[in-house]
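To start, the structure itself, in structure tokens.
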Amino acid sequence: MLIARERLEHSDSRAIDDTLSLSYDRRLHTRQRACLDDGEHIALMLSRGTVLRDGDVLQCEGGRLVRVRAAPECLSRVVSKNPLDLARAAYHLGNRHVPTELGMGFVAYLHDHVLDDMIRRLGLEVTVTTAPFTPEPGAYDHSHDTHTRPHHHDPSQPLDPSHPDPIEHSHPIEHSHSHDHPHDPCPEHDSAYPHA
């Protein structure tokens, strides 16, 4: 079985050997078994805290390179020509800690009929579509540099001067709920490699 232990920080000129399409939820897990797009099995054994994004390159044992792709998922998409309306929608989604993709003239999130109703109550149209999902990483997501997330600091205690950056502990990013995706070609992926 192919094993990937490293995400390359910088792309280089070497040719990509394979592609691996993963849903958003699965791109959050550092330890899992998956299938490349051609059906070959791969084990991801990445550093704790790594979050994969569309376009990332994994280096496998033996030197093979695999490009990560955001798999198509069922999304709710909000389109408006009014930036204030989209900002209002993004605010309410963010207030509920919903991973949200922002683009020119649209906001998208993993399809959820309850959230759709909330957005419609704001006076916006929601359409359901299937597309790759690449949400905003968030202000505290440092997975592409320090592989860390913030921990809570007690404001009554002074910061330790030996720690110039209060962001030091690695925590996996959790998603509020899971989704079953019929396009997942490898349903047994959880059997041997527990999620980080």
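Scheme for the structure tokens: letters A, B, ... for chains in order shown; per-chain residue numbers from 1; ligand numbers from 1 in order shown.
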So that I can check the surroundings of Ala4 of chain A, please list as a list of chain:residue names every protein, DNA and RNA residue that reaches within 9 Å of it, counting only C-alpha atoms and ignoring chain neighbours fewer than 2 positions away.
A:Leu2, A:Glu6, A:Arg7, A:Ile42, A:Ala43, A:Leu44, A:Met45, A:Leu46, A:Leu58, A:Gln59, A:Cys60, A:Glu61, A:Arg64, A:Leu65, A:Val66
Please list as a list in words every residue within 9 Å of segment 96-103 of chain A, counting only C-alpha atoms and excluding residues in the same chain fewer than 3 positions away.
Ala90, Tyr91, His92, Leu93, Phe106, Val107, Ala108, Tyr109, Leu110, Phe133, Thr134, Pro135, Glu136, Pro137, Gly138, His175 and Ser176 of chain A
For each of A:Glu40, A:Asp54, A:Glu9, A:Asp112, take the minimum atom-to-atom distance to Ser21 of chain A, counting only C-alpha atoms, then give the residue where this is smallest.
A:Asp54
Give me the residues within 6 Å of segment 123-126 of chain A as JSON, numbers by chain, counting only C-alpha atoms and dropping any in the same chain fewer than 2 places off.
{"A": [77, 78, 119, 120, 121]}
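The residue that comes closest to Ala87 of chain A, out of A:Met104, A:Val128, A:Leu20, A:Ala15 and on the basis of only C-alpha atoms, is A:Met104.
Minimum atom-to-atom distance to Asp17 of chain A, evaluated using only C-alpha atoms, belongs to A:Arg67 out of A:Arg5, A:Arg67, A:His41, A:Arg31.
Atom CA of Arg27 of chain A to atom CA of Arg53 of chain A spans 6.9 Å [interatomic distance, one decimal].
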Could you tell me how far atom CA of Gly55 of chain A lies from atom CA of Thr130 of chain A, in Å and to one decimal?
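So the two atoms, atom CA of Gly55 of chain A and atom CA of Thr130 of chain A, lie 18.8 Å apart.
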Atom-to-atom span, atom CA of Ala70 of chain A and atom CA of Ser47 of chain A, Å:
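Distance between the two atoms: 19.7 Å.
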